[in-house]
$ cat upload30.txt   # compact mmCIF, C-alpha atoms and all ligand atoms
# COMPACT_ATOMS: atom_id res chain seq x y z
CA MET A 1 18.76 16.29 -7.92
CA GLU A 2 22.10 17.19 -9.52
CA GLU A 3 23.18 20.17 -7.45
CA HIS A 4 23.13 19.81 -3.71
CA HIS A 5 22.15 23.06 -2.10
CA THR A 6 22.11 23.44 1.65
CA ILE A 7 18.60 22.91 2.98
CA ALA A 8 17.54 24.14 6.44
CA PHE A 9 14.32 23.00 8.06
CA ILE A 10 12.98 25.54 10.54
CA GLY A 11 10.87 23.25 12.70
CA ALA A 12 11.70 19.57 12.95
CA GLY A 13 8.35 17.89 13.62
CA ASN A 14 6.29 15.35 11.67
CA ILE A 15 6.42 16.84 8.19
CA ALA A 16 10.06 17.93 8.43
CA GLY A 17 11.00 14.44 9.65
CA SER A 18 9.21 12.88 6.72
CA LEU A 19 10.88 15.19 4.18
CA ILE A 20 14.30 14.62 5.77
CA GLY A 21 13.73 10.85 5.63
CA GLY A 22 12.75 11.18 1.96
CA LEU A 23 15.76 13.30 1.05
CA ILE A 24 18.23 10.99 2.77
CA ALA A 25 16.61 7.90 1.21
CA ASP A 26 17.14 9.66 -2.15
CA HIS A 27 20.86 10.00 -1.24
CA TYR A 28 20.80 13.73 -0.53
CA PRO A 29 24.12 14.45 1.25
CA GLU A 30 23.41 14.43 5.02
CA LYS A 31 25.75 17.30 5.74
CA LYS A 32 23.81 19.55 3.37
CA VAL A 33 20.72 19.26 5.57
CA TRP A 34 20.03 21.25 8.74
CA ALA A 35 17.08 21.05 11.12
CA THR A 36 16.06 23.26 14.01
CA GLY A 37 13.49 22.87 16.77
CA LEU A 38 12.90 23.37 20.44
CA SER A 39 13.11 19.80 21.71
CA LEU A 40 16.68 18.50 22.06
CA ASP A 41 15.40 14.91 22.15
CA ARG A 42 13.80 15.36 18.73
CA LEU A 43 16.93 17.01 17.29
CA ASN A 44 19.12 14.22 18.72
CA TYR A 45 16.80 11.63 17.19
CA LEU A 46 17.03 13.26 13.73
CA ARG A 47 20.81 13.67 13.96
CA GLU A 48 21.34 10.05 15.04
CA SER A 49 18.85 8.61 12.52
CA PHE A 50 19.88 10.61 9.46
CA HIS A 51 23.32 12.06 10.33
CA ILE A 52 22.13 15.58 9.45
CA ASN A 53 23.15 18.81 11.22
CA THR A 54 20.84 20.01 13.98
CA THR A 55 20.73 23.13 16.10
CA SER A 56 18.27 24.84 18.41
CA HIS A 57 19.31 28.19 16.88
CA ASN A 58 17.25 29.07 13.83
CA ARG A 59 19.69 31.79 12.77
CA GLU A 60 22.63 29.36 12.70
CA ALA A 61 20.77 27.03 10.31
CA ALA A 62 19.32 29.86 8.20
CA ARG A 63 22.78 31.36 7.63
CA GLN A 64 23.88 28.13 5.90
CA ALA A 65 20.77 27.71 3.79
CA ASP A 66 20.16 28.10 0.06
CA ILE A 67 16.73 26.59 0.65
CA LEU A 68 14.82 27.36 3.83
CA ILE A 69 11.86 25.15 4.66
CA PHE A 70 9.36 26.51 7.18
CA ALA A 71 7.76 23.53 8.97
CA VAL A 72 6.45 25.09 12.18
CA GLN A 73 2.86 25.44 13.37
CA PRO A 74 0.96 28.38 11.78
CA THR A 75 0.92 30.40 15.02
CA THR A 76 4.75 30.22 15.27
CA LEU A 77 5.57 31.28 11.73
CA LYS A 78 5.47 35.06 12.24
CA LEU A 79 7.84 34.79 15.20
CA VAL A 80 10.30 32.69 13.20
CA ILE A 81 10.22 34.94 10.12
CA THR A 82 10.71 38.03 12.26
CA GLU A 83 13.75 36.37 13.84
CA LEU A 84 15.24 35.57 10.41
CA LYS A 85 14.20 38.48 8.22
CA ASP A 86 17.63 40.14 7.97
CA ILE A 87 19.17 36.80 6.90
CA LEU A 88 16.35 36.26 4.36
CA ARG A 89 17.01 39.68 2.83
CA GLU A 90 20.75 39.17 2.72
CA LYS A 91 20.89 35.55 1.47
CA LYS A 92 17.72 35.48 -0.67
CA PRO A 93 17.15 31.73 -0.23
CA LEU A 94 14.31 29.83 -1.82
CA VAL A 95 11.65 29.70 0.90
CA ILE A 96 9.42 26.63 0.97
CA SER A 97 6.54 26.78 3.45
CA VAL A 98 4.52 23.72 4.40
CA VAL A 99 2.69 25.79 7.00
CA THR A 100 -1.08 25.57 6.64
CA GLY A 101 -3.06 28.70 5.86
CA VAL A 102 -0.36 31.41 5.68
CA SER A 103 -0.26 32.97 2.21
CA SER A 104 2.88 33.82 0.28
CA ALA A 105 1.88 37.52 0.47
CA THR A 106 1.75 37.27 4.28
CA ILE A 107 5.15 35.56 4.38
CA SER A 108 6.62 38.35 2.17
CA LYS A 109 4.97 40.98 4.36
CA TRP A 110 6.37 39.48 7.58
CA ALA A 111 9.81 39.17 5.95
CA GLU A 112 9.50 42.77 4.65
CA ASP A 113 10.75 41.54 1.28
CA PRO A 114 8.38 41.61 -1.71
CA GLU A 115 11.06 39.91 -3.84
CA LEU A 116 11.31 36.76 -1.71
CA SER A 117 11.01 33.50 -3.70
CA ILE A 118 8.32 31.47 -1.97
CA VAL A 119 6.84 28.06 -2.72
CA ARG A 120 3.81 27.34 -0.59
CA CYS A 121 2.66 23.76 -0.05
CA MET A 122 -0.43 22.06 1.24
CA CYS A 123 0.39 18.48 2.14
CA ASN A 124 -1.53 15.80 4.03
CA THR A 125 -0.93 13.27 6.79
CA PRO A 126 -0.03 10.27 4.56
CA ALA A 127 3.10 12.32 3.78
CA LEU A 128 4.36 10.75 7.02
CA LEU A 129 4.45 7.42 5.11
CA ARG A 130 5.80 9.20 2.02
CA CYS A 131 2.43 8.55 0.41
CA GLY A 132 1.18 12.13 0.60
CA THR A 133 -0.61 14.40 -1.83
CA THR A 134 0.78 17.93 -1.95
CA GLY A 135 -0.49 21.02 -3.75
CA LEU A 136 2.23 23.57 -4.61
CA TYR A 137 2.11 27.22 -5.55
CA ALA A 138 5.13 29.31 -6.58
CA ASN A 139 4.99 33.10 -6.27
CA PRO A 140 6.20 35.18 -9.26
CA ALA A 141 9.71 35.58 -7.76
CA VAL A 142 10.42 31.82 -8.02
CA SER A 143 12.78 31.01 -10.91
CA SER A 144 12.38 27.90 -13.07
CA LYS A 145 15.45 26.41 -11.37
CA GLN A 146 13.92 27.01 -7.93
CA HIS A 147 10.65 25.56 -9.18
CA ALA A 148 12.46 22.33 -10.11
CA LEU A 149 14.29 22.27 -6.76
CA ALA A 150 11.07 22.62 -4.76
CA GLU A 151 9.49 19.89 -6.84
CA SER A 152 12.36 17.46 -6.29
CA ILE A 153 12.15 18.01 -2.51
CA LEU A 154 8.36 17.69 -2.18
CA ARG A 155 8.26 14.62 -4.43
CA THR A 156 10.09 12.71 -1.70
CA ILE A 157 6.83 12.62 0.34
CA GLY A 158 4.46 11.59 -2.45
CA VAL A 159 2.50 12.96 -5.36
CA ILE A 160 2.59 16.69 -6.14
CA LEU A 161 0.30 19.02 -8.07
CA TRP A 162 1.35 22.53 -9.13
CA LEU A 163 -1.31 25.23 -9.02
CA GLU A 164 -1.37 28.43 -11.05
CA GLU A 165 -3.49 30.26 -8.48
CA GLU A 166 -2.69 30.33 -4.77
CA GLU A 167 -6.39 30.45 -3.80
CA LYS A 168 -6.71 26.87 -5.07
CA LEU A 169 -4.66 25.73 -2.08
CA ASN A 170 -7.89 26.23 -0.09
CA THR A 171 -9.56 23.67 -2.34
CA ILE A 172 -6.59 21.33 -1.93
CA THR A 173 -7.02 21.73 1.85
CA ALA A 174 -10.67 20.67 1.55
CA ILE A 175 -9.98 17.74 -0.79
CA SER A 176 -6.65 16.11 0.09
CA GLY A 177 -5.64 18.00 3.26
CA SER A 178 -8.79 17.01 5.14
CA GLY A 179 -9.48 14.09 2.80
CA PRO A 180 -7.92 11.26 4.82
CA ALA A 181 -10.55 11.92 7.52
CA TYR A 182 -13.42 11.47 5.02
CA PHE A 183 -12.06 8.07 4.01
CA PHE A 184 -11.45 7.14 7.66
CA LEU A 185 -15.08 8.04 8.43
CA MET A 186 -16.31 5.86 5.59
CA MET A 187 -14.09 2.97 6.66
CA GLU A 188 -15.18 3.43 10.28
CA THR A 189 -18.86 3.29 9.25
CA ILE A 190 -18.48 0.25 6.98
CA SER A 191 -16.41 -1.54 9.59
CA GLU A 192 -19.00 -0.88 12.35
CA CYS A 193 -21.72 -2.14 10.05
CA ALA A 194 -19.73 -5.31 9.26
CA HIS A 195 -19.28 -5.89 13.00
CA GLU A 196 -23.03 -5.48 13.59
CA MET A 197 -23.60 -8.02 10.81
CA GLY A 198 -21.67 -10.59 12.83
CA LEU A 199 -17.98 -10.26 11.93
CA THR A 200 -15.42 -9.71 14.67
CA GLU A 201 -13.95 -6.18 14.90
CA GLU A 202 -10.64 -7.47 13.52
CA GLU A 203 -12.32 -9.21 10.58
CA ALA A 204 -14.47 -6.14 9.89
CA GLN A 205 -11.46 -3.81 9.88
CA LEU A 206 -9.34 -6.10 7.71
CA LEU A 207 -12.07 -6.46 5.08
CA THR A 208 -12.89 -2.75 5.09
CA VAL A 209 -9.35 -1.41 4.93
CA ASN A 210 -8.12 -3.91 2.36
CA THR A 211 -11.15 -3.22 0.18
CA ALA A 212 -10.42 0.53 0.36
CA LEU A 213 -6.78 -0.10 -0.54
CA GLY A 214 -7.77 -2.37 -3.45
CA ALA A 215 -10.27 0.20 -4.76
CA ALA A 216 -7.69 3.01 -4.52
CA ARG A 217 -5.08 0.90 -6.33
CA MET A 218 -7.56 0.03 -9.09
CA ALA A 219 -8.40 3.73 -9.48
CA LEU A 220 -4.70 4.60 -9.67
CA GLU A 221 -3.41 1.72 -11.75
CA SER A 222 -6.19 0.54 -14.09
CA GLY A 223 -6.04 3.58 -16.37
CA LYS A 224 -9.85 3.81 -16.15
CA ASP A 225 -11.79 6.72 -14.73
CA ILE A 226 -13.51 6.27 -11.36
CA ARG A 227 -17.04 6.41 -12.78
CA THR A 228 -16.27 3.56 -15.24
CA LEU A 229 -14.79 1.44 -12.46
CA ARG A 230 -17.90 1.95 -10.33
CA HIS A 231 -20.21 1.01 -13.20
CA GLN A 232 -18.14 -2.11 -13.87
CA VAL A 233 -18.70 -3.41 -10.32
CA THR A 234 -22.41 -2.45 -10.29
CA SER A 235 -24.16 -5.25 -12.19
CA PRO A 236 -27.84 -4.57 -13.00
CA GLY A 237 -30.06 -6.34 -10.47
CA GLY A 238 -27.07 -7.22 -8.26
CA THR A 239 -26.13 -6.52 -4.64
CA THR A 240 -23.92 -3.47 -5.29
CA GLU A 241 -26.71 -1.78 -7.24
CA GLN A 242 -28.97 -2.09 -4.19
CA ALA A 243 -26.43 -0.44 -1.90
CA ILE A 244 -25.58 2.35 -4.38
CA HIS A 245 -29.29 3.05 -4.82
CA VAL A 246 -29.71 3.52 -1.04
CA LEU A 247 -26.69 5.84 -0.88
CA GLU A 248 -27.90 7.94 -3.84
CA GLU A 249 -31.42 8.14 -2.41
CA GLY A 250 -29.93 9.30 0.90
CA GLY A 251 -28.26 12.23 -0.90
CA ILE A 252 -24.61 11.17 -0.61
CA ARG A 253 -23.47 13.45 -3.46
CA ASP A 254 -25.19 16.52 -2.05
CA LEU A 255 -23.80 15.74 1.39
CA PHE A 256 -20.22 15.52 0.08
CA PHE A 257 -20.66 18.69 -1.92
CA LYS A 258 -21.78 20.54 1.21
CA ALA A 259 -19.06 18.99 3.39
CA LEU A 260 -16.20 19.86 1.00
CA ASN A 261 -17.48 23.38 0.51
CA ALA A 262 -17.69 23.84 4.30
CA ALA A 263 -14.06 22.70 4.63
CA ARG A 264 -12.95 25.07 1.86
CA LYS A 265 -14.84 28.00 3.45
CA ARG A 266 -13.12 27.28 6.78
CA ALA A 267 -9.69 27.12 5.08
CA ILE A 268 -10.32 30.60 3.63
CA GLU A 269 -11.45 31.94 7.03
CA ILE A 270 -8.36 30.52 8.78
CA SER A 271 -6.12 31.98 6.10
CA HIS A 272 -7.62 35.44 6.69
CA LEU A 273 -7.26 35.07 10.46
CA LEU A 274 -3.57 34.09 10.14
CA GLY A 275 -2.79 36.86 7.65
N1 LIG B 301 1.39 16.75 9.94
C1 LIG B 301 0.64 16.82 8.83
O1 LIG B 301 0.13 15.80 8.33
C2 LIG B 301 0.40 18.13 8.14
C3 LIG B 301 -0.43 18.15 7.02
C4 LIG B 301 -0.63 19.35 6.34
C5 LIG B 301 0.01 20.49 6.78
N2 LIG B 301 0.82 20.46 7.89
C6 LIG B 301 1.43 21.72 8.32
O2 LIG B 301 2.83 21.56 8.38
C7 LIG B 301 3.36 22.32 9.47
C8 LIG B 301 4.19 21.40 10.34
O3 LIG B 301 3.35 20.34 10.79
P1 LIG B 301 3.93 19.18 11.70
O4 LIG B 301 2.86 18.17 11.84
O5 LIG B 301 5.27 18.78 11.20
O6 LIG B 301 4.08 20.01 13.07
P2 LIG B 301 4.85 19.59 14.41
O7 LIG B 301 5.09 18.12 14.42
O8 LIG B 301 4.12 20.23 15.54
O9 LIG B 301 6.26 20.31 14.23
C9 LIG B 301 6.48 21.67 14.47
C10 LIG B 301 7.95 21.83 14.80
O10 LIG B 301 8.23 23.21 15.00
C11 LIG B 301 9.14 23.30 16.10
N3 LIG B 301 9.14 24.64 16.65
C12 LIG B 301 8.26 25.23 17.51
N4 LIG B 301 8.63 26.50 17.76
C13 LIG B 301 9.76 26.71 17.03
C14 LIG B 301 10.63 27.82 16.86
N5 LIG B 301 10.43 28.99 17.48
N6 LIG B 301 11.71 27.67 16.05
C15 LIG B 301 11.94 26.50 15.39
N7 LIG B 301 11.16 25.43 15.52
C16 LIG B 301 10.09 25.54 16.33
C17 LIG B 301 8.63 22.25 17.04
O11 LIG B 301 9.60 21.96 18.02
P3 LIG B 301 9.16 21.25 19.41
O12 LIG B 301 8.38 20.02 19.03
O13 LIG B 301 10.43 20.95 20.03
O14 LIG B 301 8.30 22.27 20.11
C18 LIG B 301 8.39 21.10 16.07
O15 LIG B 301 9.60 20.44 15.80
C19 LIG B 301 2.16 22.90 10.22
O16 LIG B 301 2.02 24.25 9.89
C20 LIG B 301 0.99 22.09 9.74
O17 LIG B 301 -0.18 22.85 9.71
C21 LIG B 301 1.03 19.31 8.57

$ encode --input "upload30.txt" --output "C-alpha cells" --more "lines below"
Ligand SMILES: NC(=O)c1ccc[n+]([C@@H]2O[C@H](COP(=O)([O-])OP(=O)(O)OC[C@H]3O[C@@H](n4cnc5c(N)ncnc54)[C@H](OP(=O)(O)O)[C@@H]3O)[C@@H](O)[C@H]2O)c1
Amino acid sequence: MEEHHTIAFIGAGNIAGSLIGGLIADHYPEKKVWATGLSLDRLNYLRESFHINTTSHNREAARQADILIFAVQPTTLKLVITELKDILREKKPLVISVVTGVSSATISKWAEDPELSIVRCMCNTPALLRCGTTGLYANPAVSSKQHALAESILRTIGVILWLEEEEKLNTITAISGSGPAYFFLMMETISECAHEMGLTEEEAQLLTVNTALGAARMALESGKDIRTLRHQVTSPGGTTEQAIHVLEEGGIRDLFFKALNAARKRAIEISHLLG
C-alpha cells in the first residue's frame, strides 16, 4: 500500500483485531488506524498491542477516516450507521463492511446516501489466524482506486475473491463462511472412529488433523485439481477404494449438495430479515 489513508474500525472485536494485526504486520502506520468499541479493556488491549488510536466514540473515529470499516454484529449496524450518517455524507469515505448478511443497498438506505462507496465482505473464522477466505463485492460507486485499497486491506487476513454479483455472497457464506464447520465435523467423525479402533484420543486427533492439513496443502500446492488428487490416492482394489465406495453408496455427494443449499437458503433468509 503506497498511500496511507486513515482507517477507522467501528467495532473492535475478533475480525477487526485480526485485520488490525494484519495491517500493522504489513507496516501500516499505527497512527493512521483508529478502532472503536464498547469495552475499554478491549480498546486498551488493541492500543497497547498495536499502538493504534482507540476511542469509545464512533463519531470521533469516523471524522478522521478516509476508510471506514464496519465490524460490528449485524443487529448493531443500523444503530451505528444512523449515528454516523451525517459524517458519511460529508466525508464520503470508502465503507468496508464485514458484517454478515446486510446488503450494500441496505447500508446505503440506512445512510440515506445512494452514492456511498461500499465494499461488502464475507469472511470466515480462520481469518483470526490470517488464513481466511473472503468474498468481496464492490457496489457501482466504488472507484478502481478504492477497489485496490479494499483489496490490500482484506488480503492481510488471507485469500480474497472478488464477485461481480452481490447475491453470490450468499453462496460464499454457504461454502467458506460456514465451511470450517463442515471440515470440523468430518475431522470429528474420523477422529472418533480412530479412537473406537483403538487409538488414544490424542493420537486420533493428531492423525486426523495432520492428514486434513496435508490434503489441503496438496490441493493448494500441487497444481493438480482435487479430483485428480483423489484418483491418485485411490488405487484399484486398495483400502481407499473400499472406503470411498462406502461413502459414495451412502450418498455423500447428495448430502453435501443438500447441506450447502440449505446454508445458502438460510443466508438469503437472514439477509432479508436484516434488510
Ligand atoms: N468472527 C468471524 O469469524 C466472522 C466471520 C464472518 C463474518 N463475521 C462478521 O463480522 C462482524 C464482526 O464479527 P466479530 O466476530 O469481530 O464480532 P465481535 O467480536 O462480537 O465484535 C463486535 C465489536 O463491535 C463492538 N460494538 C458493539 N456495539 C458497538 C457500537 N454501538 N459501536 C461500536 N462498536 C460496537 C463490540 O464491542 P464490545 O465487545 O465492547 O461490546 C465488539 O468490539 C459480524 O457482523 C460477523 O457476523 C465474523

$ closest_residue --input "upload30.txt" --among "A:Leu229, A:Val119, A:Gly238, A:Gly21" --to "Leu149 in chain A" --atoms "only C-alpha atoms"
A:Val119

$ closest_atom_pairs --input "upload30.txt" --of "chain A" --to "ligand LIG 301 (chain B)" --cutoff "6 Å" --atoms "only C-alpha atoms and all ligand atoms" --output "tab-separated table"
residue	atom	partner	partner_atom	distance
A:Ile10	CA	B:LIG301	C15	5.1
A:Gly11	CA	B:LIG301	O10	3.5
A:Ala12	CA	B:LIG301	O15	3.6
A:Gly13	CA	B:LIG301	O9	3.3
A:Asn14	CA	B:LIG301	O5	3.6
A:Ile15	CA	B:LIG301	O5	3.8
A:Ala16	CA	B:LIG301	O5	5.6
A:Thr36	CA	B:LIG301	C15	5.4
A:Gly37	CA	B:LIG301	N7	3.7
A:Leu38	CA	B:LIG301	O13	3.5
A:Ser39	CA	B:LIG301	O13	3.4
A:Ala71	CA	B:LIG301	C8	4.4
A:Val72	CA	B:LIG301	O10	3.8
A:Gln73	CA	B:LIG301	O16	3.8
A:Pro74	CA	B:LIG301	O16	4.7
A:Thr76	CA	B:LIG301	N4	5.9
A:Val80	CA	B:LIG301	N5	5.7
A:Val98	CA	B:LIG301	O2	4.8
A:Val99	CA	B:LIG301	O16	3.3
A:Thr100	CA	B:LIG301	O17	4.2
A:Met122	CA	B:LIG301	C5	5.8
A:Cys123	CA	B:LIG301	C4	4.4
A:Asn124	CA	B:LIG301	C3	4.0
A:Thr125	CA	B:LIG301	O1	3.1

$ atom_distance --input "upload30.txt" --atom1 "CA of Asn53 in chain A" --atom2 "CA of Pro93 in chain A"
18.3 Å

$ atom_distance --input "upload30.txt" --atom1 "CA of Cys193 in chain A" --atom2 "CA of Asp254 in chain A"
22.5 Å

$ residues_around --input "upload30.txt" --residues "Ser152 in chain A" --least-positions-apart "3" --cutoff "12 Å" --atoms "all atoms listed in the file" --output "ChimeraX atom specification"
/A:1-4,19,22-23,26,28,136,145-149,155-160

$ atom_distance --input "upload30.txt" --atom1 "CA of Val95 in chain A" --atom2 "CA of Gln64 in chain A"
13.3 Å

$ closest_atom_pairs --input "upload30.txt" --of "range 117-172 of chain A" --to "range 255-263 of chain A" --cutoff "12 Å" --atoms "only C-alpha atoms" --output "Markdown table"
| residue | atom | partner | partner_atom | distance |
| --- | --- | --- | --- | --- |
| A:Leu169 | CA | A:Ala263 | CA | 11.9 |
| A:Asn170 | CA | A:Ala263 | CA | 8.5 |
| A:Thr171 | CA | A:Leu260 | CA | 8.4 |
| A:Ile172 | CA | A:Ala263 | CA | 10.0 |

$ closest_residue --input "upload30.txt" --among "A:Ser191, A:Glu115, A:Leu77, A:Ser18" --to "Leu128 in chain A" --atoms "only C-alpha atoms"
A:Ser18

$ residues_near_point --input "upload30.txt" --point "(0.8, 27.5, -7.2)" --cutoff "6 Å" --atoms "only C-alpha atoms" --output "ChimeraX atom specification"
/A:136-138,162-166

$ residues_near_point --input "upload30.txt" --point "(21.7, 11.5, 9.9)" --cutoff "10 Å" --atoms "all atoms listed in the file" --output "NGL selection string"
:A and (20-21 or 24 or 29-31 or 33-34 or 44-54)

$ residues_around --input "upload30.txt" --residues "Gly101 in chain A" --least-positions-apart "2" --cutoff "10 Å" --atoms "all atoms listed in the file" --output "ChimeraX atom specification"
/A:74,98-99,103-104,106,120-122,169-170,173,267-275
